[in-house]
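**Q** Here you go, this is protein20.txt (compact mmCIF, C-alpha atoms (C1' of nucleotides)).
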# COMPACT_ATOMS: atom_id res chain seq x y z
CA MET A 1 41.22 74.11 211.13
CA THR A 2 42.98 77.30 209.99
CA PRO A 3 44.94 76.93 206.79
CA THR A 4 48.72 77.20 206.82
CA LEU A 5 49.90 80.36 205.06
CA ALA A 6 53.14 81.59 203.61
CA HIS A 7 52.41 85.02 205.08
CA PRO A 8 50.94 85.82 208.46
CA PRO A 9 47.16 85.76 208.05
CA LEU A 10 45.60 88.79 206.42
CA GLU A 11 43.99 90.76 209.19
CA ASP A 12 41.10 93.03 208.41
CA ALA A 13 41.78 95.97 206.15
CA SER A 14 41.79 98.38 209.06
CA LYS A 15 44.79 96.70 210.67
CA GLU A 16 46.67 96.43 207.38
CA ARG A 17 46.09 100.09 206.62
CA LEU A 18 47.31 101.03 210.07
CA ARG A 19 50.44 98.99 209.49
CA LEU A 20 50.98 100.75 206.17
CA TRP A 21 50.57 104.13 207.81
CA LEU A 22 53.07 103.33 210.53
CA ARG A 23 55.56 102.14 207.96
CA LEU A 24 55.04 105.22 205.82
CA LEU A 25 55.53 107.45 208.83
CA LYS A 26 58.70 105.70 209.91
CA THR A 27 60.13 105.88 206.40
CA THR A 28 59.39 109.55 205.76
CA ARG A 29 60.54 110.56 209.24
CA GLY A 30 63.78 108.70 208.71
CA ILE A 31 64.39 110.41 205.40
CA GLU A 32 63.45 113.80 206.82
CA ALA A 33 65.88 113.32 209.71
CA LYS A 34 68.68 112.55 207.29
CA LEU A 35 67.79 115.53 205.10
CA ARG A 36 67.72 117.84 208.11
CA GLU A 37 71.13 116.59 209.16
CA ASN A 38 72.54 117.07 205.66
CA PHE A 39 71.06 120.54 205.20
CA ARG A 40 72.51 121.58 208.52
CA ALA A 41 75.95 120.14 207.89
CA GLU A 42 76.34 121.18 204.25
CA PHE A 43 74.41 124.44 204.00
CA ASP A 44 73.67 125.55 207.56
CA THR A 45 69.98 125.69 206.72
CA THR A 46 66.78 123.79 207.46
CA LEU A 47 64.14 121.87 205.58
CA PRO A 48 61.43 124.52 206.11
CA ARG A 49 63.74 127.19 204.74
CA PHE A 50 64.49 124.99 201.74
CA ASP A 51 60.78 124.40 201.22
CA VAL A 52 60.08 128.13 201.06
CA MET A 53 62.95 128.71 198.63
CA ALA A 54 61.76 125.79 196.50
CA ALA A 55 58.25 127.24 196.33
CA LEU A 56 59.58 130.65 195.33
CA SER A 57 61.90 129.15 192.73
CA ARG A 58 58.91 127.95 190.76
CA TYR A 59 57.46 131.46 190.38
CA ASP A 60 59.56 134.11 188.72
CA ASP A 61 57.40 136.95 190.02
CA GLY A 62 57.56 135.71 193.58
CA LEU A 63 54.65 134.84 195.83
CA LYS A 64 52.59 136.72 198.37
CA MET A 65 52.88 135.58 201.97
CA SER A 66 49.48 133.95 201.86
CA GLU A 67 50.36 132.22 198.60
CA ILE A 68 53.42 130.68 200.22
CA SER A 69 51.36 129.29 203.08
CA GLY A 70 48.80 128.07 200.54
CA VAL A 71 51.32 126.26 198.38
CA LEU A 72 53.19 124.74 201.32
CA ARG A 73 50.02 124.19 203.36
CA VAL A 74 51.45 125.71 206.47
CA SER A 75 50.03 128.47 208.64
CA ASN A 76 50.46 132.16 207.87
CA GLY A 77 52.26 132.92 211.10
CA ASN A 78 54.72 130.17 210.37
CA VAL A 79 55.69 131.67 207.03
CA THR A 80 56.24 135.08 208.62
CA GLY A 81 59.07 133.76 210.77
CA ILE A 82 60.78 131.72 208.09
CA VAL A 83 60.64 134.55 205.55
CA ASP A 84 61.95 136.96 208.21
CA ARG A 85 65.05 134.86 208.72
CA LEU A 86 65.64 134.20 205.02
CA ALA A 87 65.33 137.93 204.38
CA ASP A 88 67.81 138.65 207.19
CA ASP A 89 70.23 136.40 205.33
CA GLY A 90 69.70 138.32 202.09
CA LEU A 91 68.25 135.31 200.28
CA LEU A 92 64.92 137.00 199.52
CA VAL A 93 63.14 140.31 199.78
CA ARG A 94 59.64 141.55 200.55
CA VAL A 95 58.43 143.81 197.75
CA PRO A 96 55.35 145.97 198.39
CA VAL A 97 52.47 145.20 196.04
CA PRO A 98 51.44 148.39 194.20
CA GLY A 99 47.80 149.18 194.85
CA ASP A 100 47.46 147.00 197.95
CA ARG A 101 49.30 148.25 200.96
CA ARG A 102 48.45 145.14 202.96
CA ALA A 103 50.28 142.73 200.71
CA HIS A 104 53.90 141.96 200.01
CA ARG A 105 55.38 139.92 197.25
CA VAL A 106 58.30 137.76 198.35
CA CYS A 107 61.02 137.38 195.71
CA MET A 108 64.34 135.57 195.73
CA THR A 109 67.45 137.65 195.37
CA GLN A 110 70.26 136.75 193.00
CA LYS A 111 72.11 135.40 196.02
CA GLY A 112 69.02 133.39 196.96
CA ARG A 113 68.71 131.85 193.52
CA ALA A 114 72.37 130.88 193.44
CA GLU A 115 72.22 129.37 196.91
CA PHE A 116 69.01 127.51 196.12
CA ALA A 117 70.48 126.03 192.94
CA ARG A 118 73.28 124.45 194.94
CA GLN A 119 70.92 123.20 197.62
CA ALA A 120 68.44 121.74 195.15
CA ALA A 121 71.14 119.77 193.35
CA ALA A 122 72.39 118.30 196.63
CA HIS A 123 68.84 117.59 197.76
CA GLU A 124 68.05 115.65 194.61
CA ALA A 125 71.23 113.61 194.99
CA TRP A 126 70.47 112.80 198.65
CA ILE A 127 66.98 111.62 197.76
CA ALA A 128 68.22 109.58 194.80
CA ASP A 129 70.64 107.91 197.16
CA MET A 130 68.13 107.21 199.94
CA LEU A 131 65.52 105.89 197.51
CA GLY A 132 68.14 103.96 195.57
CA GLN A 133 66.23 100.72 196.10
CA PHE A 134 63.56 101.94 193.67
CA SER A 135 64.17 101.82 189.92
CA ALA A 136 62.89 104.71 187.82
CA GLU A 137 59.93 102.52 186.84
CA ASP A 138 59.17 101.44 190.41
CA ALA A 139 59.36 105.03 191.58
CA ARG A 140 56.95 106.18 188.91
CA THR A 141 54.50 103.39 189.72
CA LEU A 142 54.55 104.12 193.43
CA THR A 143 54.17 107.84 192.85
CA THR A 144 50.99 107.10 190.97
CA GLU A 145 49.68 104.70 193.59
CA PHE A 146 50.17 107.26 196.34
CA SER A 147 47.88 109.87 194.94
CA LEU A 148 45.49 110.50 197.77
CA PRO A 149 42.51 112.79 197.18
CA GLU A 150 43.62 116.34 197.97
CA GLU A 151 42.60 119.90 197.35
CA PRO A 152 44.61 121.77 194.73
CA ASN A 153 47.15 124.18 196.11
CA ASP A 154 48.35 126.42 193.32
CA PRO A 155 48.50 130.14 194.04
CA MET B 1 62.77 111.27 166.20
CA THR B 2 61.53 110.63 169.75
CA PRO B 3 59.01 107.84 170.11
CA THR B 4 55.45 108.60 171.13
CA LEU B 5 54.65 107.26 174.59
CA ALA B 6 51.52 106.57 176.57
CA HIS B 7 53.20 108.08 179.61
CA PRO B 8 55.38 111.16 179.74
CA PRO B 9 58.93 110.02 178.99
CA LEU B 10 60.75 108.31 181.84
CA GLU B 11 63.27 110.77 183.10
CA ASP B 12 66.38 109.53 184.79
CA ALA B 13 65.93 107.61 188.04
CA SER B 14 67.05 110.59 190.10
CA LYS B 15 64.13 112.70 188.91
CA GLU B 16 61.60 109.90 189.38
CA ARG B 17 62.84 109.25 192.90
CA LEU B 18 62.59 112.93 193.72
CA ARG B 19 59.02 112.93 192.45
CA LEU B 20 58.23 109.91 194.60
CA TRP B 21 59.72 111.61 197.65
CA LEU B 22 57.69 114.78 197.11
CA ARG B 23 54.52 112.75 196.72
CA LEU B 24 55.29 110.72 199.84
CA LEU B 25 55.93 113.87 201.80
CA LYS B 26 52.74 115.54 200.65
CA THR B 27 50.70 112.45 201.47
CA THR B 28 52.09 111.84 204.93
CA ARG B 29 51.94 115.54 205.84
CA GLY B 30 48.33 115.66 204.73
CA ILE B 31 47.44 112.66 206.84
CA GLU B 32 49.38 114.01 209.81
CA ALA B 33 47.57 117.33 209.56
CA LYS B 34 44.22 115.57 209.62
CA LEU B 35 45.26 113.40 212.56
CA ARG B 36 46.48 116.42 214.50
CA GLU B 37 43.18 118.16 213.86
CA ASN B 38 41.20 115.10 214.96
CA PHE B 39 43.27 114.50 218.08
CA ARG B 40 42.81 118.11 219.07
CA ALA B 41 39.09 118.20 218.43
CA GLU B 42 38.19 114.79 219.87
CA PHE B 43 40.67 114.30 222.68
CA ASP B 44 42.36 117.65 223.27
CA THR B 45 45.74 116.00 222.74
CA THR B 46 48.54 115.90 220.18
CA LEU B 47 50.23 113.38 217.94
CA PRO B 48 53.50 113.40 219.93
CA ARG B 49 51.58 112.73 223.14
CA PHE B 50 49.76 109.87 221.42
CA ASP B 51 53.06 108.49 220.14
CA VAL B 52 54.50 108.35 223.64
CA MET B 53 51.38 106.67 225.01
CA ALA B 54 51.43 104.19 222.13
CA ALA B 55 55.05 103.30 222.84
CA LEU B 56 54.32 102.78 226.52
CA SER B 57 51.22 100.71 225.78
CA ARG B 58 53.38 98.04 224.19
CA TYR B 59 55.45 97.50 227.35
CA ASP B 60 53.67 96.46 230.52
CA ASP B 61 56.63 97.36 232.70
CA GLY B 62 56.95 100.82 231.18
CA LEU B 63 60.01 102.29 229.55
CA LYS B 64 62.92 104.36 230.75
CA MET B 65 63.13 107.90 229.38
CA SER B 66 66.02 106.97 227.11
CA GLU B 67 64.13 103.92 225.88
CA ILE B 68 61.22 106.11 224.84
CA SER B 69 63.51 108.36 222.82
CA GLY B 70 65.14 105.27 221.34
CA VAL B 71 61.87 103.68 220.29
CA LEU B 72 60.40 106.90 218.91
CA ARG B 73 63.73 108.14 217.55
CA VAL B 74 63.39 111.57 219.04
CA SER B 75 65.79 113.47 221.26
CA ASN B 76 66.01 113.00 225.02
CA GLY B 77 65.11 116.59 225.79
CA ASN B 78 62.02 116.26 223.67
CA VAL B 79 60.72 113.30 225.65
CA THR B 80 61.28 115.12 228.93
CA GLY B 81 58.79 117.81 227.99
CA ILE B 82 56.11 115.52 226.62
CA VAL B 83 56.30 113.16 229.59
CA ASP B 84 56.17 116.16 231.94
CA ARG B 85 52.87 117.26 230.46
CA LEU B 86 51.37 113.76 230.30
CA ALA B 87 52.36 113.24 233.94
CA ASP B 88 50.77 116.58 234.88
CA ASP B 89 47.57 115.23 233.37
CA GLY B 90 47.81 112.06 235.43
CA LEU B 91 48.14 109.80 232.39
CA LEU B 92 51.51 108.38 233.42
CA VAL B 93 54.01 108.38 236.26
CA ARG B 94 57.78 108.38 236.66
CA VAL B 95 58.87 105.49 238.87
CA PRO B 96 62.43 105.50 240.24
CA VAL B 97 64.47 102.51 239.09
CA PRO B 98 65.80 100.59 242.11
CA GLY B 99 69.56 100.34 241.96
CA ASP B 100 70.08 103.20 239.52
CA ARG B 101 69.27 106.59 240.90
CA ARG B 102 69.81 108.27 237.54
CA ALA B 103 67.02 106.41 235.78
CA HIS B 104 63.26 106.57 235.87
CA ARG B 105 60.77 104.12 234.49
CA VAL B 106 57.73 105.74 232.90
CA CYS B 107 54.50 103.79 233.36
CA MET B 108 50.95 104.50 232.28
CA THR B 109 48.37 104.96 234.99
CA GLN B 110 44.99 103.28 234.90
CA LYS B 111 43.57 106.57 233.66
CA GLY B 112 46.27 106.67 231.00
CA ARG B 113 45.50 103.16 229.78
CA ALA B 114 41.78 103.89 229.59
CA GLU B 115 42.35 107.15 227.72
CA PHE B 116 44.82 105.56 225.34
CA ALA B 117 42.43 102.72 224.51
CA ARG B 118 39.83 105.23 223.34
CA GLN B 119 42.38 107.23 221.38
CA ALA B 120 43.90 104.19 219.70
CA ALA B 121 40.54 102.96 218.49
CA ALA B 122 39.70 106.35 217.00
CA HIS B 123 43.17 106.61 215.48
CA GLU B 124 42.84 103.26 213.74
CA ALA B 125 39.46 104.24 212.36
CA TRP B 126 40.76 107.59 211.06
CA ILE B 127 43.64 105.87 209.29
CA ALA B 128 41.42 103.16 207.85
CA ASP B 129 39.23 105.91 206.46
CA MET B 130 42.05 108.01 205.01
CA LEU B 131 43.75 104.99 203.45
CA GLY B 132 40.42 103.58 202.30
CA GLN B 133 41.65 103.50 198.70
CA PHE B 134 43.93 100.58 199.58
CA SER B 135 42.57 97.07 199.97
CA ALA B 136 44.01 94.91 202.71
CA GLU B 137 46.14 93.18 200.09
CA ASP B 138 47.37 96.43 198.53
CA ALA B 139 48.22 97.80 201.94
CA ARG B 140 50.22 94.74 202.84
CA THR B 141 52.11 94.82 199.54
CA LEU B 142 52.97 98.49 199.91
CA THR B 143 54.04 98.03 203.51
CA THR B 144 56.53 95.47 202.32
CA GLU B 145 57.76 97.60 199.45
CA PHE B 146 58.43 100.52 201.74
CA SER B 147 60.91 98.78 203.96
CA LEU B 148 63.90 101.05 203.80
CA PRO B 149 67.12 99.93 205.46
CA GLU B 150 67.00 101.09 209.09
CA GLU B 151 68.62 100.39 212.41
CA PRO B 152 66.54 98.35 214.86
CA ASN B 153 64.95 100.38 217.63
CA ASP B 154 63.68 98.04 220.30
CA PRO B 155 64.49 98.97 223.88
C1' DC C 1 90.82 103.73 245.38
C1' DA C 2 90.95 108.01 242.80
C1' DA C 3 90.42 109.79 238.24
C1' DA C 4 88.34 109.43 233.99
C1' DA C 5 84.89 107.94 231.12
C1' DT C 6 80.20 106.85 230.41
C1' DA C 7 75.29 107.05 231.16
C1' DA C 8 70.58 109.00 232.37
C1' DC C 9 68.32 112.72 232.48
C1' DT C 10 67.20 117.88 232.40
C1' DT C 11 67.83 122.52 230.92
C1' DC C 12 68.57 125.88 227.41
C1' DA C 13 68.43 128.49 223.08
C1' DA C 14 66.78 128.67 218.62
C1' DG C 15 63.65 127.49 215.26
C1' DC C 16 59.31 125.32 213.55
C1' DA C 17 54.23 124.80 213.83
C1' DT C 18 49.53 125.77 214.94
C1' DA C 19 45.37 128.41 216.27
C1' DA C 20 43.60 132.53 217.72
C1' DA C 21 43.68 137.42 218.24
C1' DA C 22 45.13 141.90 216.65
C1' DT C 23 46.07 145.38 212.97
C1' DA C 24 45.63 147.43 208.73
C1' DT C 25 43.62 147.78 204.38
C1' DT C 26 40.30 146.97 200.78
C1' DT C 27 35.80 145.69 199.14
C1' DT C 28 30.86 145.33 199.56
C1' DA C 29 26.52 146.84 200.22
C1' DA C 30 22.82 149.30 202.64
C1' DT D 1 28.83 157.61 202.01
C1' DT D 2 29.80 155.01 205.35
C1' DA D 3 29.25 150.82 208.25
C1' DA D 4 30.16 146.02 207.80
C1' DA D 5 32.45 142.23 205.80
C1' DA D 6 36.36 140.33 203.72
C1' DT D 7 41.34 140.03 202.98
C1' DA D 8 46.50 140.17 203.99
C1' DT D 9 49.53 140.01 207.26
C1' DT D 10 51.69 140.04 211.91
C1' DT D 11 51.57 139.02 216.75
C1' DT D 12 50.84 136.06 220.66
C1' DA D 13 50.54 131.89 223.33
C1' DT D 14 51.59 127.19 223.55
C1' DG D 15 53.78 123.10 222.33
C1' DC D 16 57.14 120.22 219.54
C1' DT D 17 61.95 119.47 218.09
C1' DT D 18 66.78 119.52 217.89
C1' DG D 19 71.58 119.94 219.40
C1' DA D 20 74.46 121.35 222.91
C1' DA D 21 75.58 122.05 227.50
C1' DG D 22 74.92 120.94 232.31
C1' DT D 23 73.96 117.87 236.54
C1' DT D 24 74.15 113.88 239.00
C1' DA D 25 75.03 108.99 239.24
C1' DT D 26 77.46 104.87 237.87
C1' DT D 27 81.07 102.22 235.76
C1' DT D 28 85.65 101.63 234.08
C1' DT D 29 90.41 101.85 234.50
C1' DG D 30 95.08 103.00 235.83
Hey, can you dump this file as structure tokens for me?
**A**
Amino acid sequence: MTPTLAHPPLEDASKERLRLWLRLLKTTRGIEAKLRENFRAEFDTTLPRFDVMAALSRYDDGLKMSEISGVLRVSNGNVTGIVDRLADDGLLVRVPVPGDRRAHRVCMTQKGRAEFARQAAAHEAWIADMLGQFSAEDARTLTTEFSLPEEPNDP
Amino acid sequence: MTPTLAHPPLEDASKERLRLWLRLLKTTRGIEAKLRENFRAEFDTTLPRFDVMAALSRYDDGLKMSEISGVLRVSNGNVTGIVDRLADDGLLVRVPVPGDRRAHRVCMTQKGRAEFARQAAAHEAWIADMLGQFSAEDARTLTTEFSLPEEPNDP
DNA sequence: CAAAATAACTTCAAGCATAAAATATTTTAA
DNA sequence: TTAAAATATTTTATGCTTGAAGTTATTTTG
């Protein structure tokens, strides 16, 4: 006979991994939905816009268009539109690269840096709240466990 | 003086949670990108289309439009478009609900069920491969740990 | 029973996302 | 030197996504 178990029986690894994936997806989508809502309500902006600003904030000299898509792992055409709109709002500027008339370096303006600082602080607080179930130690452990093999993506 | 540590010093919980979130996001986006690529190459379909089929596959009597958006937690207008295209391809049908002329029940066709069965098998294999670093036991443990508080979403 | 509220669904506008094609420029190499 | 290849970016076509507004149908309520 089959033994009695405290948990439902362990199915094969494939099924358990699928379950993990579905859980992961539900969790991240839920958090993303909440972030989107908060960004909209508090700053009238979007997650993709924040992502671009966050990428730029880590590089004082700005990034080329292709470097932004590389860092964020999104398509080139995608970045064009987002940068267009951020530039319209005066949060960043396209600076021609001397010696290469194809390329532009995208840099945050003073206004952009100030706005991003406020957004980043709120973002961190929202995340800290939504992941409040995890202690600092738990969070660090899980971060380590979730390192999947990936290509590097520095500019 | 500050003590020497095997790990970098534990920053406050807020920072560790933010790090966890960024890692989670990078991981799930990476997996989603790979899935999207595979679905396109192997089945000429998309993740959202697969999601709708997967939801329907769990209910023999089909689901109403609003039930699909409820289960998948996406907007009503979104579902309209995806179901339109799946119906165009003959994978599902809208059946009028007797007694309520506002509502439609969406049901998979025989063709839809056959196509979904193939897709689901491939999907499970892709996930099992990408999450291959986790044993069945690890996967189960992590699935449990990642239960964030959420509203139920059964139809 | 008529008016108001609610519900199911679609349409719309704006933005995000990709892949593929087009444009312009720079580099390579024959 | 110049034709070909490579690089940087934008444009285009298509589809996903939301929130808001609109349509029609049903239920509630005064």
**Q** How would chain A read as a tab-separated table (two decimals) with C-alpha atoms, in the frame of the given file once least-squares superposed on chain B using all paired C-alpha atoms?
**A**
chain	number	residue	atom	x	y	z
A	1	MET	CA	62.73	111.17	166.19
A	2	THR	CA	61.52	110.62	169.76
A	3	PRO	CA	58.89	107.93	170.11
A	4	THR	CA	55.36	108.83	171.14
A	5	LEU	CA	54.56	107.54	174.63
A	6	ALA	CA	51.44	106.93	176.63
A	7	HIS	CA	53.20	108.36	179.68
A	8	PRO	CA	55.48	111.36	179.83
A	9	PRO	CA	58.99	110.10	179.04
A	10	LEU	CA	60.79	108.31	181.84
A	11	GLU	CA	63.34	110.74	183.16
A	12	ASP	CA	66.43	109.44	184.86
A	13	ALA	CA	65.96	107.54	188.08
A	14	SER	CA	67.09	110.49	190.15
A	15	LYS	CA	64.20	112.65	188.97
A	16	GLU	CA	61.66	109.86	189.40
A	17	ARG	CA	62.86	109.18	192.93
A	18	LEU	CA	62.63	112.85	193.75
A	19	ARG	CA	59.07	112.90	192.46
A	20	LEU	CA	58.25	109.88	194.61
A	21	TRP	CA	59.73	111.55	197.66
A	22	LEU	CA	57.74	114.72	197.12
A	23	ARG	CA	54.57	112.73	196.72
A	24	LEU	CA	55.29	110.68	199.82
A	25	LEU	CA	55.95	113.83	201.80
A	26	LYS	CA	52.77	115.51	200.64
A	27	THR	CA	50.71	112.43	201.44
A	28	THR	CA	52.09	111.82	204.93
A	29	ARG	CA	51.95	115.52	205.81
A	30	GLY	CA	48.34	115.64	204.71
A	31	ILE	CA	47.44	112.65	206.82
A	32	GLU	CA	49.38	113.99	209.80
A	33	ALA	CA	47.57	117.32	209.54
A	34	LYS	CA	44.22	115.57	209.60
A	35	LEU	CA	45.26	113.38	212.53
A	36	ARG	CA	46.47	116.41	214.47
A	37	GLU	CA	43.17	118.14	213.85
A	38	ASN	CA	41.19	115.08	214.94
A	39	PHE	CA	43.27	114.47	218.07
A	40	ARG	CA	42.82	118.08	219.05
A	41	ALA	CA	39.09	118.17	218.41
A	42	GLU	CA	38.18	114.77	219.86
A	43	PHE	CA	40.68	114.25	222.67
A	44	ASP	CA	42.38	117.60	223.25
A	45	THR	CA	45.75	115.96	222.72
A	46	THR	CA	48.54	115.86	220.14
A	47	LEU	CA	50.23	113.34	217.92
A	48	PRO	CA	53.51	113.37	219.90
A	49	ARG	CA	51.61	112.69	223.10
A	50	PHE	CA	49.78	109.84	221.40
A	51	ASP	CA	53.07	108.46	220.12
A	52	VAL	CA	54.52	108.33	223.63
A	53	MET	CA	51.41	106.65	225.02
A	54	ALA	CA	51.45	104.16	222.14
A	55	ALA	CA	55.08	103.27	222.85
A	56	LEU	CA	54.35	102.77	226.54
A	57	SER	CA	51.26	100.69	225.80
A	58	ARG	CA	53.43	98.04	224.22
A	59	TYR	CA	55.50	97.51	227.38
A	60	ASP	CA	53.74	96.51	230.55
A	61	ASP	CA	56.69	97.42	232.75
A	62	GLY	CA	57.02	100.86	231.23
A	63	LEU	CA	60.07	102.35	229.57
A	64	LYS	CA	62.98	104.44	230.74
A	65	MET	CA	63.21	107.96	229.34
A	66	SER	CA	66.07	107.00	227.07
A	67	GLU	CA	64.16	103.94	225.88
A	68	ILE	CA	61.25	106.13	224.84
A	69	SER	CA	63.51	108.38	222.79
A	70	GLY	CA	65.15	105.27	221.33
A	71	VAL	CA	61.89	103.65	220.29
A	72	LEU	CA	60.40	106.85	218.90
A	73	ARG	CA	63.73	108.09	217.52
A	74	VAL	CA	63.35	111.52	218.99
A	75	SER	CA	65.77	113.44	221.18
A	76	ASN	CA	66.01	112.98	224.94
A	77	GLY	CA	65.14	116.56	225.73
A	78	ASN	CA	62.04	116.27	223.62
A	79	VAL	CA	60.74	113.32	225.61
A	80	THR	CA	61.30	115.16	228.89
A	81	GLY	CA	58.77	117.83	227.97
A	82	ILE	CA	56.13	115.51	226.59
A	83	VAL	CA	56.35	113.14	229.56
A	84	ASP	CA	56.19	116.15	231.92
A	85	ARG	CA	52.88	117.24	230.45
A	86	LEU	CA	51.40	113.74	230.29
A	87	ALA	CA	52.38	113.24	233.92
A	88	ASP	CA	50.77	116.57	234.86
A	89	ASP	CA	47.58	115.20	233.34
A	90	GLY	CA	47.82	112.02	235.42
A	91	LEU	CA	48.16	109.78	232.36
A	92	LEU	CA	51.54	108.37	233.41
A	93	VAL	CA	54.02	108.38	236.24
A	94	ARG	CA	57.79	108.40	236.66
A	95	VAL	CA	58.85	105.52	238.89
A	96	PRO	CA	62.39	105.55	240.31
A	97	VAL	CA	64.47	102.57	239.20
A	98	PRO	CA	65.77	100.71	242.28
A	99	GLY	CA	69.54	100.55	242.24
A	100	ASP	CA	70.04	103.38	239.75
A	101	ARG	CA	69.20	106.79	241.05
A	102	ARG	CA	69.74	108.39	237.65
A	103	ALA	CA	67.00	106.50	235.89
A	104	HIS	CA	63.23	106.60	235.95
A	105	ARG	CA	60.79	104.15	234.53
A	106	VAL	CA	57.77	105.77	232.91
A	107	CYS	CA	54.54	103.80	233.35
A	108	MET	CA	50.98	104.48	232.26
A	109	THR	CA	48.40	104.94	234.96
A	110	GLN	CA	45.03	103.23	234.88
A	111	LYS	CA	43.60	106.52	233.65
A	112	GLY	CA	46.30	106.63	230.97
A	113	ARG	CA	45.53	103.14	229.74
A	114	ALA	CA	41.82	103.84	229.55
A	115	GLU	CA	42.36	107.11	227.71
A	116	PHE	CA	44.84	105.52	225.32
A	117	ALA	CA	42.45	102.68	224.49
A	118	ARG	CA	39.85	105.19	223.33
A	119	GLN	CA	42.39	107.20	221.37
A	120	ALA	CA	43.91	104.16	219.68
A	121	ALA	CA	40.53	102.92	218.49
A	122	ALA	CA	39.70	106.32	216.99
A	123	HIS	CA	43.17	106.58	215.46
A	124	GLU	CA	42.83	103.24	213.72
A	125	ALA	CA	39.43	104.23	212.34
A	126	TRP	CA	40.75	107.58	211.04
A	127	ILE	CA	43.63	105.86	209.27
A	128	ALA	CA	41.37	103.16	207.82
A	129	ASP	CA	39.20	105.92	206.46
A	130	MET	CA	42.02	108.03	205.00
A	131	LEU	CA	43.70	105.00	203.41
A	132	GLY	CA	40.38	103.62	202.26
A	133	GLN	CA	41.59	103.54	198.66
A	134	PHE	CA	43.89	100.63	199.54
A	135	SER	CA	42.50	97.11	199.91
A	136	ALA	CA	43.91	94.92	202.67
A	137	GLU	CA	46.04	93.19	200.03
A	138	ASP	CA	47.28	96.44	198.48
A	139	ALA	CA	48.13	97.80	201.90
A	140	ARG	CA	50.12	94.71	202.79
A	141	THR	CA	52.01	94.81	199.49
A	142	LEU	CA	52.91	98.46	199.85
A	143	THR	CA	53.96	98.00	203.46
A	144	THR	CA	56.43	95.41	202.27
A	145	GLU	CA	57.71	97.54	199.41
A	146	PHE	CA	58.38	100.46	201.74
A	147	SER	CA	60.84	98.71	203.95
A	148	LEU	CA	63.85	100.95	203.81
A	149	PRO	CA	67.07	99.81	205.49
A	150	GLU	CA	66.96	101.01	209.10
A	151	GLU	CA	68.58	100.35	212.42
A	152	PRO	CA	66.53	98.35	214.90
A	153	ASN	CA	64.93	100.39	217.63
A	154	ASP	CA	63.69	98.06	220.33
A	155	PRO	CA	64.52	98.98	223.91
**Q** Could you please tell me, as a list in words, which residues of chain D have an atom within 12 Å of chain A when using only C-alpha atoms (C1' of nucleotides)?
**A**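 Output check: DT7, DA8, DT9, DT10, DT11, DT12, DT17, DT18 and DG19 of chain D.
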**Q** Go ahead and dump the residues you just picked, C-alpha atoms (C1' of nucleotides), as a tab-separated table (two decimals), keeping the file's coordinate frame.
**A**
chain	number	residue	atom	x	y	z
D	7	DT	C1'	41.34	140.03	202.98
D	8	DA	C1'	46.50	140.17	203.99
D	9	DT	C1'	49.53	140.01	207.26
D	10	DT	C1'	51.69	140.04	211.91
D	11	DT	C1'	51.57	139.02	216.75
D	12	DT	C1'	50.84	136.06	220.66
D	17	DT	C1'	61.95	119.47	218.09
D	18	DT	C1'	66.78	119.52	217.89
D	19	DG	C1'	71.58	119.94	219.40
**Q** Kindly indicate which residue among C:DC1, C:DA22, C:DA29, C:DA17 lies nearest to chain A, using only C-alpha atoms (C1' of nucleotides) for the distances.
**A**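 Smallest separation from chain A among the options: C:DA17.
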**Q** For chain A, which of C:DA7, C:DA13, C:DA2, C:DA24 is the closest residue, counting all atoms listed in the file?
**A** C:DA24
**Q** Measure the distance from atom CA of Arg17 of chain A to atom CA of Thr141 of chain A in Å and round it to one decimal.
**A**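 Straight-line distance from atom CA of Arg17 of chain A to atom CA of Thr141 of chain A works out to 19.2 Å.
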**Q** Residues of chain C were defined as contacting chain A if any atom lay at most 10 Å from it, counting all atoms listed in the file; please report them as a PyMOL selection string.
**A** chain C and resi 15-19+24-26
